[in-house]
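Undergrad: start24.cif is reproduced below (mmCIF, C-alpha atoms and all ligand atoms).
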```cif
data_data
loop_
_atom_site.label_atom_id
_atom_site.label_comp_id
_atom_site.auth_asym_id
_atom_site.auth_seq_id
_atom_site.Cartn_x
_atom_site.Cartn_y
_atom_site.Cartn_z
CA MET O 1 49.36 67.21 -3.77
CA SER O 2 46.28 65.99 -1.89
CA THR O 3 46.56 64.51 1.61
CA LYS O 4 47.46 60.83 1.60
CA ARG O 5 44.98 58.45 3.18
CA ALA O 6 46.32 55.60 5.27
CA LEU O 7 44.29 52.67 6.53
CA ILE O 8 45.59 50.73 9.55
CA THR O 9 44.15 47.43 10.72
CA GLY O 10 44.98 46.63 14.33
CA VAL O 11 45.20 50.38 14.95
CA ASN O 12 44.40 49.90 18.64
CA GLY O 13 47.41 47.65 19.23
CA GLN O 14 50.91 48.66 20.26
CA ASP O 15 52.23 49.07 16.73
CA GLY O 16 48.98 50.48 15.33
CA SER O 17 48.89 53.30 17.85
CA TYR O 18 52.53 54.28 17.25
CA LEU O 19 52.05 54.05 13.51
CA ALA O 20 48.95 56.26 13.68
CA GLU O 21 51.02 58.89 15.52
CA GLU O 22 53.84 58.59 12.98
CA LEU O 23 51.48 59.02 10.02
CA LEU O 24 49.56 61.91 11.60
CA GLU O 25 52.88 63.69 12.15
CA ARG O 26 53.64 63.15 8.48
CA GLY O 27 50.38 64.79 7.49
CA TYR O 28 48.38 61.69 6.57
CA GLU O 29 44.67 61.33 7.01
CA VAL O 30 44.51 58.21 9.19
CA PHE O 31 41.73 55.63 9.17
CA GLY O 32 41.57 52.64 11.45
CA LEU O 33 39.56 49.45 11.29
CA VAL O 34 38.33 48.22 14.65
CA ARG O 35 35.76 45.75 15.82
CA ARG O 36 32.35 47.20 16.57
CA VAL O 37 32.75 46.40 20.31
CA GLY O 38 35.84 48.64 20.30
CA LEU O 39 33.78 51.64 19.23
CA GLU O 40 31.20 50.84 21.87
CA ALA O 41 33.69 51.09 24.77
CA PRO O 42 36.47 53.32 23.42
CA GLU O 43 37.98 54.36 26.79
CA HIS O 44 38.48 50.69 27.64
CA ARG O 45 39.16 48.91 24.36
CA LEU O 46 40.92 51.75 22.59
CA GLU O 47 43.07 52.84 25.52
CA ARG O 48 46.21 53.26 23.39
CA LEU O 49 44.35 55.63 21.08
CA VAL O 50 42.53 57.83 23.58
CA HIS O 51 44.83 60.79 22.89
CA LEU O 52 44.27 60.43 19.13
CA LEU O 53 40.55 59.81 18.96
CA ASP O 54 39.72 63.26 17.60
CA ARG O 55 42.39 63.00 14.91
CA ILE O 56 41.78 59.57 13.42
CA ASP O 57 38.75 58.17 11.69
CA LEU O 58 37.76 54.78 13.10
CA ARG O 59 35.48 52.47 11.16
CA ALA O 60 33.88 49.30 12.44
CA ALA O 61 34.68 46.22 10.37
CA SER O 62 35.54 42.66 11.18
CA LEU O 63 38.41 41.00 9.35
CA GLU O 64 36.31 37.85 9.38
CA SER O 65 33.84 39.37 6.92
CA TYR O 66 34.83 39.97 3.30
CA ALA O 67 31.73 42.12 2.79
CA GLY O 68 32.63 44.30 5.76
CA ILE O 69 36.20 44.81 4.58
CA PHE O 70 35.10 45.44 1.00
CA ASN O 71 32.67 48.16 2.13
CA ALA O 72 35.23 49.83 4.37
CA VAL O 73 37.88 49.88 1.63
CA ALA O 74 35.33 51.17 -0.91
CA LYS O 75 34.52 54.11 1.35
CA ILE O 76 38.04 54.94 2.52
CA ARG O 77 39.93 54.31 -0.75
CA PRO O 78 43.33 54.38 0.97
CA ASP O 79 46.65 55.25 -0.68
CA GLU O 80 48.51 53.10 1.83
CA CYS O 81 47.26 50.19 3.90
CA TYR O 82 49.09 48.78 6.93
CA HIS O 83 47.76 45.36 7.88
CA LEU O 84 48.76 44.84 11.50
CA ALA O 85 45.69 43.11 12.90
CA ALA O 86 46.23 39.47 13.85
CA ALA O 87 45.83 36.99 16.62
CA SER O 88 49.44 37.64 17.69
CA PHE O 89 50.03 35.83 20.97
CA VAL O 90 52.17 32.79 20.26
CA SER O 91 49.83 30.37 21.94
CA TYR O 92 50.43 26.67 22.07
CA GLU O 93 46.86 25.83 23.04
CA PHE O 94 45.29 23.36 20.63
CA ASP O 95 41.90 25.12 20.71
CA ASP O 96 43.47 28.36 19.52
CA GLU O 97 44.93 26.78 16.39
CA PHE O 98 41.73 26.95 14.42
CA SER O 99 40.80 30.53 15.19
CA THR O 100 44.39 31.79 14.77
CA LEU O 101 44.73 30.22 11.32
CA THR O 102 41.30 31.29 10.14
CA ALA O 103 41.52 34.87 11.39
CA ASN O 104 45.08 35.54 10.27
CA ILE O 105 44.96 33.95 6.84
CA ASN O 106 41.44 34.92 5.79
CA GLY O 107 41.73 38.43 7.18
CA THR O 108 44.86 39.04 5.11
CA HIS O 109 43.35 37.48 2.00
CA TYR O 110 40.07 39.43 2.24
CA LEU O 111 41.89 42.71 2.65
CA LEU O 112 44.32 42.10 -0.22
CA ALA O 113 41.52 40.97 -2.53
CA ALA O 114 39.38 44.02 -1.74
CA LEU O 115 42.32 46.38 -2.33
CA LYS O 116 43.20 44.68 -5.61
CA ASP O 117 39.68 45.15 -6.94
CA LEU O 118 38.92 48.60 -5.55
CA VAL O 119 42.24 50.47 -5.26
CA PRO O 120 44.93 48.42 -7.00
CA ASP O 121 47.49 51.22 -6.68
CA CYS O 122 47.19 51.26 -2.90
CA ARG O 123 50.51 50.37 -1.27
CA PHE O 124 50.27 47.50 1.19
CA TYR O 125 52.26 46.56 4.28
CA PHE O 126 52.01 43.13 5.85
CA ALA O 127 53.16 42.47 9.41
CA GLY O 128 55.32 39.39 9.09
CA THR O 129 57.27 38.08 12.07
CA SER O 130 60.43 36.29 13.14
CA GLU O 131 58.10 33.46 14.26
CA MET O 132 58.05 32.50 10.57
CA PHE O 133 61.68 31.37 10.98
CA GLY O 134 60.79 29.04 13.89
CA SER O 135 63.56 26.46 14.00
CA ALA O 136 65.67 28.14 11.32
CA ALA O 137 68.74 26.18 10.35
CA SER O 138 71.05 29.22 10.24
CA ALA O 139 71.66 32.40 12.21
CA PRO O 140 71.33 35.32 12.06
CA GLN O 141 68.20 35.20 9.92
CA ASN O 142 67.79 37.44 6.90
CA GLU O 143 65.42 37.65 3.92
CA GLN O 144 67.07 34.57 2.35
CA THR O 145 66.65 32.31 5.38
CA ARG O 146 64.19 29.49 4.88
CA PHE O 147 61.03 29.62 6.97
CA ARG O 148 60.44 26.70 9.35
CA PRO O 149 57.65 27.92 11.62
CA ARG O 150 57.08 26.05 14.89
CA SER O 151 53.81 27.68 15.96
CA ILE O 152 50.39 27.95 14.39
CA TYR O 153 50.82 31.71 14.57
CA GLY O 154 54.09 31.39 12.59
CA ILE O 155 52.38 29.13 10.04
CA SER O 156 49.53 31.62 9.59
CA LYS O 157 52.05 34.39 9.00
CA VAL O 158 54.00 32.35 6.43
CA ALA O 159 50.71 31.84 4.58
CA GLY O 160 50.06 35.60 4.74
CA PHE O 161 53.59 36.30 3.54
CA GLU O 162 53.06 34.02 0.53
CA LEU O 163 49.74 35.72 -0.25
CA ILE O 164 51.53 39.07 -0.31
CA ARG O 165 54.26 37.74 -2.60
CA ASN O 166 51.67 36.26 -4.96
CA TYR O 167 49.59 39.42 -5.15
CA ARG O 168 52.77 41.37 -5.83
CA GLU O 169 53.91 39.02 -8.60
CA ARG O 170 50.54 38.17 -10.19
CA TYR O 171 48.72 41.48 -9.92
CA GLY O 172 51.63 43.90 -9.75
CA MET O 173 50.54 45.29 -6.39
CA HIS O 174 52.96 47.36 -4.34
CA ALA O 175 52.78 44.91 -1.43
CA SER O 176 55.65 44.52 1.04
CA SER O 177 56.23 42.41 4.12
CA GLY O 178 58.21 43.39 7.17
CA ILE O 179 59.70 40.43 9.03
CA LEU O 180 59.76 42.03 12.43
CA PHE O 181 61.52 40.50 15.39
CA ASN O 182 60.11 41.09 18.89
CA HIS O 183 59.51 44.76 19.61
CA GLU O 184 58.40 46.20 22.90
CA SER O 185 57.31 49.42 24.59
CA PRO O 186 55.16 50.69 27.45
CA ARG O 187 52.19 49.94 25.17
CA ARG O 188 52.99 46.23 24.85
CA GLY O 189 50.14 43.90 25.80
CA HIS O 190 50.35 42.40 29.29
CA GLU O 191 50.36 38.83 27.96
CA PHE O 192 53.87 39.25 26.49
CA VAL O 193 56.81 38.58 28.76
CA THR O 194 58.42 42.04 28.74
CA ARG O 195 55.29 43.90 29.84
CA LYS O 196 54.43 41.13 32.26
CA ILE O 197 57.81 41.74 33.89
CA THR O 198 57.69 45.54 33.98
CA SER O 199 54.11 45.70 35.23
CA GLY O 200 55.01 42.97 37.77
CA VAL O 201 57.92 45.07 39.04
CA ALA O 202 55.61 48.07 39.44
CA ARG O 203 53.03 46.01 41.31
CA ILE O 204 55.68 44.62 43.67
CA LEU O 205 57.08 48.11 44.29
CA ALA O 206 53.57 49.38 45.03
CA GLY O 207 52.94 46.52 47.44
CA HIS O 208 50.20 45.00 45.27
CA ALA O 209 52.10 41.75 44.65
CA SER O 210 54.82 39.81 46.38
CA GLU O 211 56.06 37.61 43.52
CA LEU O 212 56.23 37.32 39.75
CA ARG O 213 55.67 33.94 38.12
CA LEU O 214 57.46 33.37 34.83
CA GLY O 215 58.36 30.57 32.45
CA ASN O 216 61.76 29.88 30.90
CA LEU O 217 64.25 32.52 32.04
CA ASP O 218 66.88 31.17 29.65
CA ALA O 219 64.75 31.89 26.56
CA GLU O 220 66.42 34.49 24.36
CA ARG O 221 64.95 37.04 22.02
CA ASP O 222 66.09 39.83 19.70
CA TRP O 223 64.12 42.64 21.37
CA GLY O 224 63.81 46.05 19.72
CA TYR O 225 61.84 49.20 20.40
CA ALA O 226 58.37 49.32 18.82
CA LYS O 227 58.34 53.03 18.04
CA GLU O 228 61.37 52.62 15.81
CA TYR O 229 59.94 49.54 14.10
CA VAL O 230 56.82 51.34 12.86
CA LYS O 231 59.07 53.84 11.07
CA ALA O 232 60.46 50.91 9.08
CA MET O 233 56.91 50.00 7.99
CA TRP O 234 56.39 53.48 6.57
CA LEU O 235 59.80 53.47 4.87
CA MET O 236 58.96 50.20 3.08
CA LEU O 237 55.93 51.76 1.43
CA GLN O 238 57.92 54.79 0.24
CA GLN O 239 60.27 52.66 -1.90
CA PRO O 240 59.80 52.63 -5.67
CA GLU O 241 59.56 48.82 -5.60
CA PRO O 242 57.80 46.56 -3.07
CA ASP O 243 60.00 44.07 -1.22
CA ASP O 244 60.47 42.15 2.04
CA TYR O 245 62.68 43.31 4.89
CA VAL O 246 63.94 41.89 8.17
CA ILE O 247 63.67 44.43 11.00
CA ALA O 248 65.71 43.54 14.07
CA THR O 249 68.50 44.70 16.38
CA GLY O 250 70.81 41.74 15.78
CA LEU O 251 71.33 41.42 19.55
CA LEU O 252 70.11 38.61 21.78
CA HIS O 253 69.10 38.95 25.42
CA SER O 254 67.60 36.38 27.75
CA VAL O 255 64.40 36.73 29.74
CA ARG O 256 66.69 36.64 32.79
CA ASP O 257 68.61 39.70 31.47
CA PHE O 258 65.33 41.54 31.07
CA VAL O 259 64.20 40.55 34.57
CA ARG O 260 67.49 41.56 36.20
CA ILE O 261 67.53 45.00 34.60
CA ALA O 262 63.84 45.67 35.25
CA PHE O 263 64.12 44.83 38.96
CA GLN O 264 67.37 46.75 39.25
CA CYS O 265 65.68 49.86 37.84
CA ALA O 266 63.30 49.61 40.79
CA GLY O 267 66.07 48.99 43.31
CA LEU O 268 64.89 45.40 43.89
CA ASP O 269 66.75 42.09 43.91
CA TRP O 270 64.92 39.96 41.34
CA GLU O 271 65.89 36.65 42.92
CA ARG O 272 63.70 37.44 45.94
CA TYR O 273 60.56 37.83 43.83
CA VAL O 274 60.73 35.76 40.65
CA VAL O 275 59.30 32.25 40.76
CA THR O 276 59.61 29.95 37.77
CA ASP O 277 56.34 28.25 37.02
CA PRO O 278 56.07 25.28 34.61
CA HIS O 279 52.68 26.62 33.52
CA PHE O 280 54.46 29.36 31.53
CA PHE O 281 57.01 27.11 29.83
CA ARG O 282 56.42 26.38 26.14
CA THR O 283 57.20 23.11 24.50
CA GLY O 284 58.82 23.25 21.10
CA GLU O 285 59.04 27.00 20.91
CA SER O 286 61.14 28.87 18.34
CA VAL O 287 64.88 28.73 18.87
CA ALA O 288 66.72 31.89 19.90
CA LEU O 289 66.17 33.90 16.75
CA CYS O 290 68.40 36.84 15.92
CA GLY O 291 67.80 39.07 12.93
CA ASP O 292 70.13 40.50 10.31
CA ALA O 293 68.59 43.82 9.24
CA SER O 294 71.42 44.86 6.93
CA LYS O 295 69.11 45.00 3.89
CA ALA O 296 66.80 47.46 5.71
CA ARG O 297 69.83 49.52 6.65
CA ARG O 298 71.16 49.54 3.08
CA ILE O 299 67.92 50.20 1.22
CA LEU O 300 65.63 51.92 3.72
CA GLY O 301 68.36 53.69 5.70
CA TRP O 302 66.76 52.15 8.81
CA MET O 303 68.59 51.07 11.92
CA PRO O 304 67.68 50.63 15.58
CA ASN O 305 68.81 53.27 18.05
CA LYS O 306 67.42 52.76 21.51
CA GLY O 307 69.51 50.49 23.69
CA PHE O 308 68.04 47.46 25.46
CA GLU O 309 68.56 48.79 29.00
CA GLU O 310 67.12 52.16 28.13
CA MET O 311 64.02 50.47 26.74
CA VAL O 312 63.57 48.29 29.82
CA ARG O 313 63.86 51.37 32.04
CA GLU O 314 61.30 53.29 29.99
CA MET O 315 58.84 50.41 30.38
CA VAL O 316 59.41 50.09 34.14
CA GLU O 317 59.07 53.86 34.56
CA ALA O 318 55.81 53.94 32.65
CA ASP O 319 54.30 51.07 34.67
CA CYS O 320 55.40 52.66 37.95
CA ALA O 321 54.04 56.06 36.89
CA ALA O 322 50.69 54.44 36.08
CA LEU O 323 50.51 53.25 39.70
CA GLY O 324 51.68 56.63 40.98
CA ILE O 325 54.99 55.41 42.38
CA PRO O 326 58.26 57.22 41.77
CA LEU O 327 61.19 55.11 40.65
CA PRO O 328 64.38 55.21 42.74
CA ALA O 329 67.14 57.41 41.27
CA ARG O 330 68.77 55.96 38.19
CA GLU O 331 71.72 53.70 38.86
CA ALA O 332 73.91 51.97 36.33
CA VAL O 333 72.35 48.68 35.31
O1 LIG O 401 57.64 35.52 24.74
C1 LIG O 401 59.45 33.45 27.23
C2 LIG O 401 58.68 32.74 26.11
O2 LIG O 401 55.19 35.98 24.67
C3 LIG O 401 59.02 35.80 24.66
C4 LIG O 401 54.85 38.40 19.64
O3 LIG O 401 54.86 39.78 19.37
O4 LIG O 401 57.17 38.23 19.21
C5 LIG O 401 56.19 37.95 20.17
O5 LIG O 401 56.12 36.55 20.43
C6 LIG O 401 59.82 34.71 25.31
C7 LIG O 401 59.41 33.31 24.91
O6 LIG O 401 56.73 36.83 22.81
C8 LIG O 401 57.20 33.82 30.05
O7 LIG O 401 58.79 31.34 26.25
C9 LIG O 401 59.23 33.13 29.71
O8 LIG O 401 60.61 32.57 24.69
O9 LIG O 401 56.81 37.90 24.98
P1 LIG O 401 56.52 36.59 24.36
P2 LIG O 401 56.94 35.83 21.57
O10 LIG O 401 56.32 34.52 21.80
O11 LIG O 401 58.39 35.82 21.24
C10 LIG O 401 57.00 37.61 17.93
C11 LIG O 401 58.10 38.13 17.04
C12 LIG O 401 55.63 37.82 17.40
O12 LIG O 401 55.44 38.02 16.20
C13 LIG O 401 54.52 37.65 18.35
O13 LIG O 401 53.31 38.18 17.83
O14 LIG O 401 59.61 34.78 26.72
N1 LIG O 401 58.72 33.51 28.49
N2 LIG O 401 58.31 33.32 30.67
C14 LIG O 401 57.46 33.95 28.67
N3 LIG O 401 56.56 34.44 27.81
C15 LIG O 401 55.35 34.84 28.29
N4 LIG O 401 54.43 35.37 27.44
N5 LIG O 401 55.04 34.71 29.63
C16 LIG O 401 55.92 34.21 30.57
O15 LIG O 401 55.66 34.12 31.75
#
```
I'd like the structure from this file rewritten - as structure tokens, please.

TA:
Amino acid sequence: MSTKRALITGVNGQDGSYLAEELLERGYEVFGLVRRVGLEAPEHRLERLVHLLDRIDLRAASLESYAGIFNAVAKIRPDECYHLAAASFVSYEFDDEFSTLTANINGTHYLLAALKDLVPDCRFYFAGTSEMFGSAASAPQNEQTRFRPRSIYGISKVAGFELIRNYRERYGMHASSGILFNHESPRRGHEFVTRKITSGVARILAGHASELRLGNLDAERDWGYAKEYVKAMWLMLQQPEPDDYVIATGLLHSVRDFVRIAFQCAGLDWERYVVTDPHFFRTGESVALCGDASKARRILGWMPNKGFEEMVREMVEADCAALGIPLPAREAV
């Protein structure tokens, strides 16, 4: 059998870089779409891919241009396509609404339409999110739970999700959506709370900062480990039939829990350093969402393994190592 070709959008993000590694290990030929500026400054903009640059084939294309996507798909002719690129920070800024909606919905539509016309047998993965549930009326959330998004990002993802379902039903495409709850790792972007905390701990330990300013410490999330979540994406595309799956741990932790464990890993008392700052509070954010991934477990044989505390420690260790500081010996957290 010839080598399978996989195309990843958002390949330079947290999930994209782990997925590229996963697919390379499985013998795939991996292609990534990146913006032209990314190729111009790879050591800076493609930092999560530096160790893979000689093993993956990066092509410049903007998801805002149908022509660009069409040309890239025509040249690559992928067997599997993982659409991870999106404006993914859950911003509540009014100005961001327009660009988030346009980029996320059009980008998904352009890519699906190009695949349908050029390689209709290509299997497609769409990165859905728990933000689609928003203020869900029931918990835990599963594939039957009604979407009630509370952010523009969530709304854009519901639109993408419906595009996927329509292309699956109308054109018979093998197109699946993962409804992924929060997932973290040392490669998480610094704008998200977990990485903000672990890099903040490292900076305090190194003497580069004396405080960490955060928003709502009572906010709760179902936080999993990104490396495990990308395996679920691959599993979805190996199924005989396309479908939608919730991927989650089913466990809730608060931002305060995360903070306490992260500081404890560094031998610090969090209450001496953390300052709550109204600037980082969100109005009308999603309720504490908690996923029920029993369908993924039953059909894909997928389940989360890494524990919450172990993940927090890995992130703190990585941020400390990047600053060249050893972490105090492990104590029970
Ligand atoms: O916020 C609270 C904040 O920005 C988590 C994205 O991957 O997951 C992610 O979205 C919680 C929220 O992630 C700060 O209010 C407190 O309750 O890390 P986050 P998110 O908004 O949940 C979903 C599933 C996605 O799909 C998204 O793409 O933490 N929080 N203090 C804070 N959050 C931030 N960013 N900064 C703070 O200082």

Undergrad: What separation in Å, quoted to one decimal, exists between CA of Gln14 (chain O) and atom N4 of ligand LIG 401 (chain O)?

TA: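 Those two atoms sit 15.5 Å apart.
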
Undergrad: One decimal, Å: what's the distance from CA of Ile179 (chain O) over to CA of Ala139 (chain O), could you say?

TA: 14.8 Å

Undergrad: Name all residues at most 8 Å from Glu22 (chain O) (count all atoms listed in the file; drop same-chain ones fewer than 4 positions away) and give them as a VMD selection string.

TA: chain O and resid 18 26 230 to 231

Undergrad: Find the residues around Ile76 (chain O) up to 9 Å (all atoms listed in the file counted), leave out those fewer than 6 positions away in its own chain, and share them as a PyMOL selection string.

TA: chain O and resi 5-7+31

Undergrad: Can you work out which one of O:Ala86, O:Ile69, O:Val11, O:Val316 has the shortest atom-to-atom distance to Arg45 (chain O), counting all atoms listed in the file?

TA: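 The closest residue to Arg45 (chain O) is O:Val11.
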
Undergrad: Of the candidates O:Asp319, O:Glu64, O:Glu143, O:Glu285, which one gets nearest to ligand LIG 401 (chain O) if we count only C-alpha atoms and all ligand atoms?

TA: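 The closest residue to ligand LIG 401 (chain O) is O:Glu285.
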
Undergrad: Kindly indicate which residue among O:Tyr110, O:Tyr229, O:Tyr171, O:Phe258 lies nearest to His83 (chain O), using all atoms listed in the file for the distances.

TA: O:Tyr110

Undergrad: Considering only C-alpha atoms and all ligand atoms, give me a table of residues in chain O that are at most 8 Å from ligand LIG 401 (chain O), with the closest atom pair and distance in Å for each, as CSV.

TA:
```
residue,atom,partner,partner_atom,distance
O:Ala87,CA,O:LIG401,O13,7.7
O:Ser88,CA,O:LIG401,O13,3.9
O:Phe89,CA,O:LIG401,O13,5.1
O:Val90,CA,O:LIG401,O10,4.8
O:Ser91,CA,O:LIG401,O10,7.7
O:Gly128,CA,O:LIG401,O12,7.2
O:Thr129,CA,O:LIG401,O12,4.5
O:Ser130,CA,O:LIG401,C11,4.9
O:Glu131,CA,O:LIG401,C11,5.4
O:Tyr153,CA,O:LIG401,O13,7.7
O:Gly154,CA,O:LIG401,O12,7.7
O:Leu180,CA,O:LIG401,C11,6.3
O:Phe181,CA,O:LIG401,C11,4.5
O:Asn182,CA,O:LIG401,C11,4.0
O:His183,CA,O:LIG401,O3,6.8
O:Glu191,CA,O:LIG401,N4,5.4
O:Phe192,CA,O:LIG401,O9,3.6
O:Val193,CA,O:LIG401,O9,3.8
O:Thr194,CA,O:LIG401,O9,5.8
O:Arg195,CA,O:LIG401,O9,7.9
O:Lys196,CA,O:LIG401,N5,7.0
O:Arg213,CA,O:LIG401,O15,6.4
O:Leu214,CA,O:LIG401,O15,3.6
O:Gly215,CA,O:LIG401,N2,3.3
O:Asn216,CA,O:LIG401,C9,4.3
O:Leu217,CA,O:LIG401,C9,5.6
O:Asp218,CA,O:LIG401,C9,7.9
O:Ala219,CA,O:LIG401,O8,4.6
O:Glu220,CA,O:LIG401,O8,6.1
O:Arg221,CA,O:LIG401,C6,6.5
O:Val255,CA,O:LIG401,O14,6.0
O:Thr276,CA,O:LIG401,N2,8.0
O:Asp277,CA,O:LIG401,O15,7.9
O:Phe280,CA,O:LIG401,O15,4.9
O:Phe281,CA,O:LIG401,O7,5.8
O:Arg282,CA,O:LIG401,O7,5.5
O:Glu285,CA,O:LIG401,O7,6.9
O:Ser286,CA,O:LIG401,O8,7.4
O:Ala288,CA,O:LIG401,O8,7.8
```

Undergrad: Please provide the set of residues having any atom within 10 Å of Glu271 (chain O), restricted to all atoms listed in the file, with same-chain residues fewer than 5 positions apart removed, written as number ranges by chain.

TA: O: 211, 259-260, 263

Undergrad: Could I get the residues of region 152-258 of chain O with an atom no further than 10 Å from an atom of region 293-306 of chain O, each paired with its nearest atom pair and that distance in Å to one decimal, using all atoms listed in the file, sorted by chain and residue number, as a tab-separated table?

TA:
```
residue	atom	partner	partner_atom	distance
O:Gly178	CA	O:Ala296	CA	9.6
O:Ile179	CA	O:Ala293	CA	9.5
O:Leu180	CA	O:Ala293	CA	9.6
O:Phe181	CA	O:Ala293	CA	9.9
O:Gly224	CA	O:Pro304	CA	7.3
O:Tyr225	CA	O:Lys306	CA	6.7
O:Ala226	CA	O:Pro304	CA	9.9
O:Lys227	CA	O:Lys306	CA	9.7
O:Glu228	CA	O:Pro304	CA	6.6
O:Tyr229	CA	O:Pro304	CA	8.0
O:Lys231	CA	O:Trp302	CA	8.2
O:Ala232	CA	O:Trp302	CA	6.4
O:Met233	CA	O:Leu300	CA	9.9
O:Trp234	CA	O:Leu300	CA	9.8
O:Leu235	CA	O:Leu300	CA	6.1
O:Met236	CA	O:Leu300	CA	6.9
O:Leu237	CA	O:Leu300	CA	10.0
O:Gln238	CA	O:Leu300	CA	8.9
O:Gln239	CA	O:Leu300	CA	7.8
O:Asp244	CA	O:Ala296	CA	9.0
O:Tyr245	CA	O:Ala296	CA	5.9
O:Val246	CA	O:Ala293	CA	5.1
O:Ile247	CA	O:Ala293	CA	5.3
O:Ala248	CA	O:Ala293	CA	5.6
O:Thr249	CA	O:Pro304	CA	6.0
O:Gly250	CA	O:Ala293	CA	7.2
```

Undergrad: For Ala159 (chain O), which residue out of O:Leu212, O:Met173, O:Ala137, O:Ala103 is the nearest one, using all atoms listed in the file?

TA: O:Ala103

Undergrad: Taking all atoms listed in the file into account, which of O:Val201, O:Phe308, O:Ala136, O:Met315 comes nearest Gly291 (chain O)?

TA: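 Selected residue with least distance to Gly291 (chain O): O:Ala136.
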
Undergrad: Kindly indicate which residue among O:Pro242, O:Glu184, O:His190, O:Arg203 lies nearest to Gly307 (chain O), using all atoms listed in the file for the distances.

TA: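 Ranked by minimum distance to Gly307 (chain O), first place goes to O:Glu184.
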
Undergrad: Give me the residues within 9 Å of Gly284 (chain O) as a list of chain:residue names, counting only C-alpha atoms and dropping any in the same chain fewer than 3 places off.

TA: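 Skipping anything fewer than 3 positions along the chain leaves O:Arg150, O:Ser151, O:Val287.
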
Undergrad: Report, in Å with one decimal, the straight-line distance from CA of Leu39 (chain O) to CA of Arg123 (chain O).

TA: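 About the pair CA of Leu39 (chain O) and CA of Arg123 (chain O): they are 26.5 Å apart.
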
Undergrad: Can you tell me, as a VMD selection string, which residues sit within 12 Å of (43.6, 52.5, 27.7) in the file's frame, using all atoms listed in the file?

TA: chain O and resid 12 to 14 17 38 41 to 53 186 to 189 322
